[in-house]
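Dropping target30.txt in here (compact mmCIF, C-alpha atoms):
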# COMPACT_ATOMS: atom_id res chain seq x y z
CA MET C 1 -1.97 134.59 -23.56
CA THR C 2 -2.09 138.36 -23.06
CA GLY C 3 -4.57 139.58 -20.47
CA GLY C 4 -4.34 136.34 -18.48
CA ARG C 5 -4.95 135.96 -14.77
CA ALA C 6 -1.91 135.52 -12.54
CA VAL C 7 -1.96 132.90 -9.79
CA VAL C 8 0.61 131.69 -7.26
CA THR C 9 1.46 128.01 -7.62
CA GLY C 10 4.68 127.80 -5.59
CA ILE C 11 5.95 129.30 -2.33
CA GLY C 12 9.57 129.22 -1.21
CA VAL C 13 10.36 130.59 2.25
CA VAL C 14 13.80 131.10 3.78
CA ALA C 15 13.31 133.08 6.98
CA PRO C 16 14.09 133.18 10.70
CA THR C 17 10.83 131.28 11.14
CA GLY C 18 12.21 128.38 9.11
CA VAL C 19 13.37 127.09 5.75
CA GLY C 20 10.36 125.99 3.71
CA ALA C 21 6.77 127.21 3.70
CA GLU C 22 5.49 124.64 6.19
CA ALA C 23 8.25 125.36 8.72
CA HIS C 24 7.38 129.05 8.51
CA TRP C 25 3.67 128.33 8.89
CA ARG C 26 4.24 126.22 12.01
CA SER C 27 6.30 129.00 13.60
CA VAL C 28 3.64 131.60 12.79
CA ARG C 29 0.84 129.53 14.29
CA ALA C 30 2.90 128.81 17.38
CA GLY C 31 3.90 132.46 17.76
CA ARG C 32 7.57 131.50 18.09
CA ARG C 33 9.83 134.54 18.28
CA ARG C 34 12.99 133.95 16.23
CA THR C 35 14.94 137.13 16.92
CA GLY C 36 18.12 136.97 18.97
CA PRO C 37 21.77 138.04 19.09
CA ILE C 38 23.32 138.80 15.69
CA THR C 39 25.91 136.11 14.90
CA LEU C 40 26.86 136.87 11.28
CA PHE C 41 29.40 139.36 12.67
CA ASP C 42 30.42 140.75 16.05
CA ALA C 43 27.69 143.27 16.88
CA SER C 44 28.65 143.66 20.55
CA GLY C 45 29.80 147.25 20.02
CA TYR C 46 26.55 148.44 18.42
CA PRO C 47 23.54 149.87 20.25
CA THR C 48 21.36 147.34 18.39
CA ARG C 49 22.73 143.83 18.86
CA PHE C 50 19.69 141.73 17.97
CA GLY C 51 18.12 140.68 14.70
CA GLY C 52 16.44 137.85 12.84
CA GLU C 53 18.74 135.29 11.21
CA VAL C 54 18.01 132.12 9.23
CA ALA C 55 19.29 129.46 11.60
CA ASP C 56 21.29 126.46 10.33
CA PHE C 57 21.11 127.62 6.73
CA ASP C 58 23.32 125.54 4.41
CA PRO C 59 23.56 127.25 1.01
CA ALA C 60 25.42 124.26 -0.47
CA ARG C 61 22.11 122.39 -0.51
CA TYR C 62 20.77 124.80 -3.11
CA ALA C 63 23.73 125.83 -5.28
CA ASP C 64 27.18 124.56 -6.22
CA ASN C 65 30.38 126.08 -4.89
CA ARG C 66 31.10 127.93 -8.13
CA ALA C 67 27.88 129.92 -7.77
CA LEU C 68 28.30 130.43 -4.04
CA VAL C 69 31.78 131.99 -4.21
CA GLN C 70 30.53 134.51 -6.76
CA THR C 71 27.58 135.67 -4.70
CA ASP C 72 26.49 137.11 -1.36
CA ARG C 73 24.44 135.43 1.36
CA TRP C 74 21.42 137.45 0.21
CA THR C 75 21.63 135.70 -3.16
CA HIS C 76 22.24 132.34 -1.43
CA LEU C 77 18.91 132.85 0.32
CA GLY C 78 17.39 133.62 -3.09
CA PHE C 79 18.82 130.40 -4.56
CA ALA C 80 17.13 128.44 -1.80
CA ALA C 81 13.79 130.26 -1.91
CA ALA C 82 13.51 129.95 -5.70
CA SER C 83 14.38 126.25 -5.69
CA LEU C 84 11.84 125.61 -2.93
CA ALA C 85 9.17 127.55 -4.84
CA LEU C 86 9.75 125.67 -8.09
CA ASP C 87 9.68 122.33 -6.29
CA ASP C 88 6.48 123.35 -4.50
CA ALA C 89 4.94 124.30 -7.85
CA GLY C 90 5.94 121.01 -9.46
CA LEU C 91 8.13 122.74 -12.03
CA PRO C 92 11.65 121.74 -13.13
CA GLU C 93 14.77 123.62 -12.04
CA GLN C 94 15.35 124.83 -15.58
CA ALA C 95 12.74 126.31 -17.88
CA PRO C 96 11.61 123.97 -20.66
CA ASP C 97 10.63 127.14 -22.57
CA PRO C 98 13.29 129.70 -21.54
CA TYR C 99 11.54 132.68 -23.12
CA GLY C 100 8.32 131.74 -21.33
CA TRP C 101 9.92 132.18 -17.89
CA ALA C 102 11.02 135.41 -16.22
CA VAL C 103 12.43 136.66 -12.90
CA THR C 104 11.31 139.84 -11.11
CA LEU C 105 12.65 140.31 -7.60
CA ALA C 106 12.93 143.22 -5.19
CA SER C 107 16.11 144.27 -3.44
CA ALA C 108 16.93 147.13 -1.11
CA SER C 109 20.52 146.72 0.00
CA GLY C 110 22.28 144.14 -2.18
CA GLY C 111 25.25 142.03 -1.16
CA ASN C 112 26.21 143.53 2.18
CA LEU C 113 28.40 140.81 3.64
CA PHE C 114 30.30 140.21 0.39
CA GLY C 115 30.87 143.92 -0.13
CA GLN C 116 31.94 144.43 3.47
CA ARG C 117 34.52 141.66 3.22
CA GLU C 118 36.00 142.92 -0.04
CA LEU C 119 36.15 146.56 1.01
CA GLN C 120 37.86 145.58 4.25
CA ARG C 121 40.42 143.70 2.18
CA LEU C 122 40.86 146.72 -0.09
CA TRP C 123 41.72 149.04 2.79
CA SER C 124 43.55 146.64 5.11
CA SER C 125 45.82 144.55 2.86
CA PRO C 126 49.03 145.68 1.14
CA THR C 127 47.70 144.55 -2.25
CA ARG C 128 44.84 147.10 -2.16
CA THR C 129 42.65 144.83 -4.29
CA VAL C 130 39.18 143.32 -4.22
CA GLY C 131 38.06 139.94 -5.53
CA ALA C 132 37.03 139.46 -9.13
CA TYR C 133 33.35 139.05 -8.19
CA GLN C 134 32.98 142.23 -6.13
CA SER C 135 31.52 144.11 -9.10
CA ILE C 136 28.65 141.63 -9.55
CA ALA C 137 28.05 140.16 -6.07
CA TRP C 138 27.04 143.33 -4.22
CA PHE C 139 24.92 144.82 -7.02
CA TYR C 140 21.24 144.98 -6.09
CA ALA C 141 20.24 143.16 -9.31
CA ALA C 142 22.66 140.26 -8.69
CA SER C 143 20.02 137.83 -7.47
CA VAL C 144 17.81 138.43 -10.51
CA GLY C 145 20.73 137.82 -12.83
CA GLN C 146 21.92 134.72 -11.00
CA LEU C 147 18.44 133.16 -10.83
CA SER C 148 17.72 133.90 -14.49
CA ILE C 149 20.95 132.10 -15.44
CA ARG C 150 20.45 129.25 -12.99
CA HIS C 151 16.86 128.53 -14.06
CA GLN C 152 17.32 129.54 -17.72
CA ALA C 153 14.61 132.18 -17.45
CA LYS C 154 15.19 134.36 -20.51
CA GLY C 155 11.90 136.23 -20.54
CA PRO C 156 11.58 139.87 -19.40
CA CYS C 157 13.50 140.06 -16.11
CA GLY C 158 13.90 142.98 -13.73
CA VAL C 159 14.58 144.21 -10.22
CA VAL C 160 12.37 146.51 -8.13
CA VAL C 161 13.88 148.88 -5.56
CA ALA C 162 11.37 150.34 -3.12
CA GLU C 163 12.66 149.24 0.30
CA SER C 164 9.99 147.21 2.13
CA ALA C 165 7.30 148.08 -0.42
CA GLY C 166 9.26 146.34 -3.17
CA GLY C 167 8.32 142.84 -2.04
CA LEU C 168 4.74 143.66 -3.01
CA ASP C 169 5.69 145.64 -6.10
CA SER C 170 7.58 142.63 -7.47
CA LEU C 171 4.36 140.61 -7.45
CA ALA C 172 2.44 143.42 -9.14
CA HIS C 173 5.15 143.55 -11.79
CA ALA C 174 4.92 139.77 -12.18
CA VAL C 175 1.18 140.03 -12.86
CA ARG C 176 1.79 142.58 -15.59
CA THR C 177 4.50 140.34 -17.06
CA VAL C 178 2.07 137.40 -17.13
CA ARG C 179 -0.59 139.52 -18.79
CA ARG C 180 1.89 140.43 -21.51
CA GLY C 181 2.38 136.79 -22.39
CA THR C 182 4.94 135.21 -20.03
CA SER C 183 3.80 131.88 -18.56
CA VAL C 184 5.92 131.71 -15.38
CA VAL C 185 7.54 134.45 -13.29
CA LEU C 186 9.70 134.03 -10.20
CA ALA C 187 8.82 136.97 -7.94
CA GLY C 188 9.36 138.07 -4.35
CA ALA C 189 12.42 139.13 -2.39
CA THR C 190 15.14 138.08 0.00
CA GLU C 191 17.40 140.34 2.03
CA CYS C 192 20.46 140.15 4.28
CA PRO C 193 20.96 143.60 5.82
CA LEU C 194 23.20 142.19 8.55
CA SER C 195 26.77 143.42 8.21
CA PRO C 196 28.66 146.14 10.10
CA TYR C 197 28.09 148.69 7.33
CA ALA C 198 24.44 147.74 6.79
CA LEU C 199 23.69 147.93 10.50
CA ALA C 200 25.44 151.29 10.77
CA CYS C 201 23.30 152.63 7.91
CA GLN C 202 20.12 151.47 9.59
CA LEU C 203 21.16 152.94 12.93
CA ARG C 204 21.64 156.28 11.19
CA SER C 205 17.87 156.39 10.56
CA GLY C 206 17.11 156.43 14.28
CA LEU C 207 14.41 153.80 13.77
CA LEU C 208 16.13 150.70 15.17
CA SER C 209 15.26 149.41 18.62
CA GLU C 210 18.06 149.59 21.17
CA VAL C 211 16.22 147.61 23.85
CA ALA C 212 18.66 145.08 25.34
CA ASP C 213 16.22 142.15 25.33
CA ALA C 214 15.24 140.46 22.07
CA GLN C 215 11.86 139.47 23.52
CA TRP C 216 10.89 143.12 23.98
CA ALA C 217 12.90 144.95 21.35
CA TYR C 218 10.45 144.81 18.41
CA ARG C 219 6.81 145.35 19.39
CA PRO C 220 4.72 146.90 16.59
CA PHE C 221 1.58 148.78 17.68
CA ASP C 222 2.41 148.02 21.33
CA ALA C 223 2.62 150.56 24.14
CA THR C 224 6.27 149.46 24.57
CA ALA C 225 7.20 149.86 20.88
CA SER C 226 10.71 151.26 20.47
CA GLY C 227 11.71 150.60 16.85
CA TYR C 228 12.43 147.58 14.70
CA LEU C 229 15.02 144.82 14.58
CA PRO C 230 16.73 144.04 11.25
CA ALA C 231 16.31 140.59 9.74
CA GLU C 232 17.38 138.49 6.78
CA GLY C 233 15.36 136.17 4.57
CA GLY C 234 12.13 136.46 2.66
CA ALA C 235 10.09 134.52 0.12
CA VAL C 236 10.05 133.76 -3.59
CA PHE C 237 6.89 132.75 -5.49
CA VAL C 238 6.03 131.03 -8.72
CA VAL C 239 3.53 133.38 -10.35
CA GLU C 240 1.88 131.61 -13.25
CA GLU C 241 -0.69 132.32 -15.93
CA PHE C 242 -3.96 130.73 -14.80
CA GLY C 243 -4.58 128.69 -17.94
CA HIS C 244 -1.00 127.43 -17.95
CA ALA C 245 -1.33 126.34 -14.33
CA ARG C 246 -4.68 124.62 -14.89
CA ALA C 247 -3.43 122.83 -18.00
CA ARG C 248 -0.67 121.10 -16.05
CA GLY C 249 -2.87 120.37 -13.01
CA ALA C 250 -0.97 122.63 -10.64
CA ARG C 251 -2.14 123.39 -7.12
CA ILE C 252 -3.06 127.06 -6.87
CA TYR C 253 -2.59 128.98 -3.62
CA GLY C 254 -4.33 132.12 -4.75
CA GLU C 255 -4.57 134.93 -7.25
CA VAL C 256 -3.06 138.43 -7.19
CA THR C 257 -6.09 140.53 -8.05
CA GLY C 258 -5.16 144.10 -7.16
CA TRP C 259 -2.31 146.40 -6.23
CA GLY C 260 -1.71 150.05 -5.61
CA THR C 261 1.35 152.22 -5.09
CA THR C 262 1.84 155.86 -4.11
CA HIS C 263 4.72 157.98 -2.90
CA ASP C 264 4.98 160.56 -0.11
CA ALA C 265 7.65 162.63 -1.93
CA ALA C 266 9.49 162.94 1.37
CA HIS C 267 12.46 161.33 3.08
CA THR C 268 12.02 159.04 6.06
CA THR C 269 13.37 160.85 9.10
CA ALA C 270 13.80 160.04 12.77
CA ASP C 271 11.01 162.49 13.65
CA GLY C 272 8.70 161.75 10.69
CA ALA C 273 5.67 159.48 10.43
CA GLY C 274 4.97 159.03 6.72
CA ASN C 275 1.91 160.36 4.92
CA PRO C 276 -1.18 158.40 5.99
CA HIS C 277 -3.25 159.97 3.20
CA GLN C 278 -0.95 158.64 0.48
CA TYR C 279 -0.78 155.28 2.24
CA ALA C 280 -4.59 155.09 2.38
CA ARG C 281 -4.72 156.03 -1.29
CA ALA C 282 -2.48 153.07 -2.20
CA ILE C 283 -4.80 150.75 -0.30
CA ARG C 284 -7.88 152.15 -2.04
CA LEU C 285 -6.18 151.76 -5.41
CA ALA C 286 -5.45 148.10 -4.67
CA LEU C 287 -8.99 147.38 -3.50
CA GLY C 288 -10.47 149.19 -6.50
CA ARG C 289 -8.29 147.37 -9.00
CA ALA C 290 -9.28 144.06 -7.38
CA GLY C 291 -12.97 144.97 -7.42
CA VAL C 292 -13.13 144.35 -3.66
CA GLU C 293 -15.24 146.31 -1.18
CA PRO C 294 -13.63 147.09 2.19
CA ASP C 295 -16.11 144.88 4.07
CA GLU C 296 -15.11 141.87 1.94
CA VAL C 297 -11.54 141.76 3.30
CA ASP C 298 -10.84 138.82 5.63
CA VAL C 299 -7.51 139.96 7.02
CA VAL C 300 -5.09 142.87 6.78
CA VAL C 301 -1.37 142.21 7.11
CA PRO C 302 0.19 145.62 7.93
CA ASP C 303 3.70 147.00 7.50
CA ALA C 304 4.18 147.11 11.30
CA LEU C 305 7.38 149.17 11.54
CA GLY C 306 7.36 149.20 15.34
CA VAL C 307 8.19 152.93 15.58
CA PRO C 308 5.33 154.53 17.58
CA ARG C 309 4.63 157.51 15.32
CA TYR C 310 4.79 155.37 12.17
CA ASP C 311 2.51 152.76 13.76
CA ARG C 312 -0.02 155.48 14.61
CA SER C 313 0.21 156.80 11.06
CA GLU C 314 -0.42 153.32 9.64
CA ALA C 315 -3.38 152.75 11.95
CA SER C 316 -4.79 156.11 10.87
CA ALA C 317 -4.50 155.12 7.20
CA LEU C 318 -6.29 151.82 7.79
CA ARG C 319 -9.11 153.51 9.70
CA ALA C 320 -9.44 156.06 6.89
CA VAL C 321 -10.10 153.21 4.45
CA PHE C 322 -12.13 150.83 6.62
CA GLY C 323 -13.71 153.06 9.25
CA ALA C 324 -13.50 152.64 12.99
CA ARG C 325 -14.01 148.86 12.77
CA THR C 326 -11.26 147.53 10.56
CA PRO C 327 -11.10 143.94 9.29
CA PRO C 328 -9.02 141.57 11.44
CA VAL C 329 -5.39 142.71 11.51
CA SER C 330 -2.61 140.15 11.93
CA THR C 331 1.14 140.80 11.97
CA HIS C 332 4.04 138.45 12.61
CA LYS C 333 7.04 140.67 11.99
CA GLU C 334 7.98 140.73 15.65
CA LEU C 335 8.63 136.98 15.33
CA THR C 336 11.19 137.46 12.55
CA GLY C 337 12.44 141.03 12.60
CA ARG C 338 12.09 143.40 9.65
CA ALA C 339 13.61 141.89 6.52
CA HIS C 340 12.85 144.97 4.42
CA GLN C 341 11.68 143.87 0.94
CA GLY C 342 11.94 140.24 2.02
CA GLY C 343 9.60 140.98 4.92
CA SER C 344 6.68 142.09 2.79
CA ALA C 345 7.17 139.05 0.53
CA LEU C 346 7.08 136.89 3.65
CA ASP C 347 3.78 138.54 4.63
CA VAL C 348 2.35 137.47 1.26
CA ALA C 349 3.50 133.90 1.93
CA THR C 350 1.77 133.95 5.33
CA ALA C 351 -1.50 135.19 3.82
CA LEU C 352 -1.50 132.55 1.06
CA LEU C 353 -0.64 129.78 3.53
CA ALA C 354 -3.49 130.95 5.76
CA PHE C 355 -5.95 130.33 2.95
CA ALA C 356 -4.31 127.03 2.03
CA HIS C 357 -4.76 125.85 5.62
CA ASP C 358 -8.20 127.48 5.97
CA THR C 359 -6.90 129.29 9.07
CA LEU C 360 -6.24 132.95 9.74
CA PRO C 361 -3.41 132.96 12.33
CA ALA C 362 -3.64 135.09 15.43
CA SER C 363 -1.53 138.24 15.43
CA ALA C 364 1.79 137.94 17.27
CA GLY C 365 1.01 141.20 19.06
CA PRO C 366 0.49 143.76 20.39
CA ASP C 367 0.03 142.82 24.04
CA VAL C 368 -1.04 146.31 25.11
CA VAL C 369 -2.27 148.40 22.18
CA ALA C 370 -0.58 151.79 22.00
CA GLU C 371 -2.72 154.91 22.00
CA GLY C 372 -3.67 155.78 18.42
CA CYS C 373 -3.07 152.22 17.21
CA GLU C 374 -6.53 150.87 17.97
CA LEU C 375 -7.17 148.26 15.28
CA ASN C 376 -9.06 144.96 15.21
CA PHE C 377 -6.07 142.76 16.03
CA LEU C 378 -6.80 139.08 15.52
CA ARG C 379 -6.47 137.55 18.99
CA ALA C 380 -7.33 133.94 18.11
CA GLU C 381 -7.29 131.80 14.99
CA ARG C 382 -10.38 131.81 12.83
CA ARG C 383 -11.52 130.48 9.49
CA PRO C 384 -11.58 132.89 6.54
CA ARG C 385 -14.94 134.09 5.31
CA THR C 386 -14.31 135.46 1.81
CA ARG C 387 -10.65 134.38 1.38
CA ILE C 388 -9.45 137.89 0.60
CA ALA C 389 -6.30 139.36 2.14
CA LEU C 390 -4.85 142.86 1.98
CA VAL C 391 -1.07 143.04 2.49
CA CYS C 392 0.43 146.48 3.09
CA ALA C 393 3.99 147.80 3.10
CA ARG C 394 5.75 151.12 3.45
CA GLY C 395 9.25 151.65 2.15
CA PHE C 396 11.66 154.18 3.58
CA ASP C 397 11.69 157.53 1.80
CA GLY C 398 8.03 157.53 0.90
CA PHE C 399 7.06 154.29 -0.83
CA ASN C 400 3.55 152.94 -0.11
CA SER C 401 2.23 149.69 -1.57
CA ALA C 402 -0.76 147.43 -1.07
CA LEU C 403 -1.61 144.05 -2.59
CA VAL C 404 -4.93 142.19 -2.68
CA LEU C 405 -4.85 138.38 -2.73
CA ARG C 406 -7.77 136.06 -3.31
CA GLY C 407 -7.16 132.62 -1.87
CA ALA C 408 -8.02 129.46 -3.75
CA PRO C 409 -11.60 128.29 -3.10
CA PRO C 410 -12.16 125.54 -0.54
CA ALA C 411 -11.81 121.93 -1.68
CA GLY C 412 -14.66 120.88 -3.93
CA GLN C 413 -15.35 124.38 -5.22
CA GLU C 414 -14.25 125.64 -8.64
CA TRP C 415 -12.45 128.85 -9.49
CA LEU C 416 -14.71 131.54 -10.89
Write the structure described by the file as structure tokens, please.
Amino acid sequence: MTGGRAVVTGIGVVAPTGVGAEAHWRSVRAGRRRTGPITLFDASGYPTRFGGEVADFDPARYADNRALVQTDRWTHLGFAAASLALDDAGLPEQAPDPYGWAVTLASASGGNLFGQRELQRLWSSPTRTVGAYQSIAWFYAASVGQLSIRHQAKGPCGVVVAESAGGLDSLAHAVRTVRRGTSVVLAGATECPLSPYALACQLRSGLLSEVADAQWAYRPFDATASGYLPAEGGAVFVVEEFGHARARGARIYGEVTGWGTTHDAAHTTADGAGNPHQYARAIRLALGRAGVEPDEVDVVVPDALGVPRYDRSEASALRAVFGARTPPVSTHKELTGRAHQGGSALDVATALLAFAHDTLPASAGPDVVAEGCELNFLRAERRPRTRIALVCARGFDGFNSALVLRGAPPAGQEWL
């Protein structure tokens, strides 16, 4: 099976826009903003008090109590997203061929809420102890380990750490794993960077929005852009070898055909803007690997940090690749907040769902395009032409990634 094509046959979404791929898709099409006051802890004393949370999330629907007490909310979101993806793909909860399944996820911050609770107990109680699961619940690879055990995926598993870029890198890694002979890979990312410590760390960057109105706080590429809002959630995918998927009659959302990664070799700073040349190089690498010309791209889903100088830098990189007239650009991060690695995985879900529904959704913004951010923002829904999407992400401290997706052909047409 080496050298096989890698296709996506299952999508599991757990995000502020909804639990389940269809709930997310409805929110995206409606342009429903899901950011609001942070409720997972008391954020009233912080300059940033808003974020994107998964409303009415019940982790007990997706895992038993034994697993839940050992893990953080970030992993609970992963339990849900993986189960939803497997169900969507028509696969069982446990691998019939354990060594034919693998898990490759991305994670930036690990188990924030669990770690916060245990460290507070360490320093505030006379016993000066932490719970027995502290050592495994906060660790950034915890979700990979828990999902591999839960679903009996004993193939080559791993975790990717590249901040927001990692959600795309996990899919690239999954393709390589499939080409080396693994039939099924769970890939993607979830995050929960909403705890006092996690929020303090993000505030230290100087990139969070401190606007006191959730409707206006996160506005990528807009003249009023002031930074980003943190968010939890993300998406997990079933990435499957093409022949394996066809043999069992699976529905295929699309194929991962190209990816590219570069690094700026520089820290993200409050007065920086990233390296647009390295970012553009990652995009060109992805397009080249996919064998796609720039004018074949239907839609670009950008990183959309919402910090003016970073937005200008991203727009500059896109114009360097595509010229003055870029393909349609559509972003929906202002609806959810920035879920770091989970956010770029969610962008992939949106692109694949757009092809599945034969509809490119209008961009959630900007309302007034900021100077230097002039791109071809998609102002109304349209049908895809070539069914090719470019998803881009930039991770803090210099990571740049791009992923090319080819959507499944329209009904009645065969895969090439």
Any chance you could tabulate, as a tab-separated table, the residues of segment 266-375 of chain C at most 7 Å from segment 231-237 of chain C with each one's nearest atom pair and distance in Å to one decimal, using all atoms listed in the file, in chain and rising number order?
residue	atom	partner	partner_atom	distance
C:Thr336	CA	C:Ala231	CA	6.6
C:Gly337	CA	C:Ala231	CA	4.8
C:Arg338	CA	C:Ala231	CA	5.1
C:Ala339	CA	C:Ala231	CA	4.4
C:Gly342	CA	C:Gly234	CA	3.8
C:Gly343	CA	C:Gly234	CA	5.7
C:Ala345	CA	C:Ala235	CA	5.4
C:Leu346	CA	C:Gly234	CA	5.2
C:Ala349	CA	C:Ala235	CA	6.9
* To do: Determine, counting only C-alpha atoms, which protein, DNA and RNA residues have an atom within 10 Å of an atom of Val301 of chain C; residues of the same chain fewer than 2 positions away are not included. Present the result as an NGL selection string.
  => :C and (299 or 303-304 or 328-333 or 344 or 347-348 or 350-351 or 363 or 389-393 or 402-403)
* To do: Could you give me, as number ranges by chain, the residues within 10 Å of segment 46-58 of chain C, counting all atoms listed in the file and dropping anything in the same chain fewer than 3 positions from it?
  => C: 14-19, 33-40, 42-43, 61-63, 76-77, 80, 192-194, 196, 199-200, 202-203, 208-215, 217-218, 228-234, 333-339
Would you write out, as JSON lines, a table of all residues in segment 303-410 of chain C that have an atom no more than 9 Å from an atom of segment 238-257 of chain C, listing for each the closest atom pair and the distance in Å to one decimal, considering all atoms listed in the file and ordering rows by chain and rising residue number?
{"residue": "C:Leu352", "atom": "CA", "partner": "C:Tyr253", "partner_atom": "CA", "distance": 6.0}
{"residue": "C:Leu353", "atom": "CA", "partner": "C:Tyr253", "partner_atom": "CA", "distance": 7.5}
{"residue": "C:Phe355", "atom": "CA", "partner": "C:Tyr253", "partner_atom": "CA", "distance": 7.5}
{"residue": "C:Ala356", "atom": "CA", "partner": "C:Tyr253", "partner_atom": "CA", "distance": 6.2}
{"residue": "C:Leu403", "atom": "CA", "partner": "C:Val256", "partner_atom": "CA", "distance": 7.4}
{"residue": "C:Val404", "atom": "CA", "partner": "C:Thr257", "partner_atom": "CA", "distance": 5.7}
{"residue": "C:Leu405", "atom": "CA", "partner": "C:Val256", "partner_atom": "CA", "distance": 4.8}
{"residue": "C:Arg406", "atom": "CA", "partner": "C:Glu255", "partner_atom": "CA", "distance": 5.2}
{"residue": "C:Gly407", "atom": "CA", "partner": "C:Gly254", "partner_atom": "CA", "distance": 4.1}
{"residue": "C:Ala408", "atom": "CA", "partner": "C:Gly254", "partner_atom": "CA", "distance": 4.7}
{"residue": "C:Pro409", "atom": "CA", "partner": "C:Gly254", "partner_atom": "CA", "distance": 8.4}
* Please provide as a list in words all residues within 9 Å of Gln152 of chain C, with the sequence filter that same-chain residues fewer than 3 positions apart are discarded (counting all atoms listed in the file). =>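 Residues meeting the cut-off are Glu93, Gln94, Ala95, Pro96, Asp97, Pro98, Tyr99, Trp101, Ala102, Leu147, Ser148 and Ile149 of chain C.
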* **Among the residues C:Gly272, C:Pro220, C:Gly158, C:Gly398, the one that comes closest to Asp367 of chain C [using only C-alpha atoms]** => C:Pro220
* Have a look at atom CA of Glu296 of chain C and atom CA of Ser401 of chain C and let me know their distance in Å, one decimal. =>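 Calculated distance between atom CA of Glu296 of chain C and atom CA of Ser401 of chain C is 19.3 Å.
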* So how many Å separate atom CA of Thr359 of chain C and atom CA of Gly12 of chain C, to one decimal? -> 19.4 Å
* Asked: For Thr224 of chain C, which residue out of C:Gly306, C:Gly166, C:Gly288, C:Gly155 is the nearest one, using only C-alpha atoms?
  ->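 Looking only at the distances to Thr224 of chain C, the closest residue turns out to be C:Gly306.
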* Write out as JSON, numbers by chain the residues lying within 8 Å of Leu84 of chain C, counting all atoms listed in the file and excluding same-chain residues fewer than 5 positions away. => {"C": [10, 11, 12, 13, 20]}
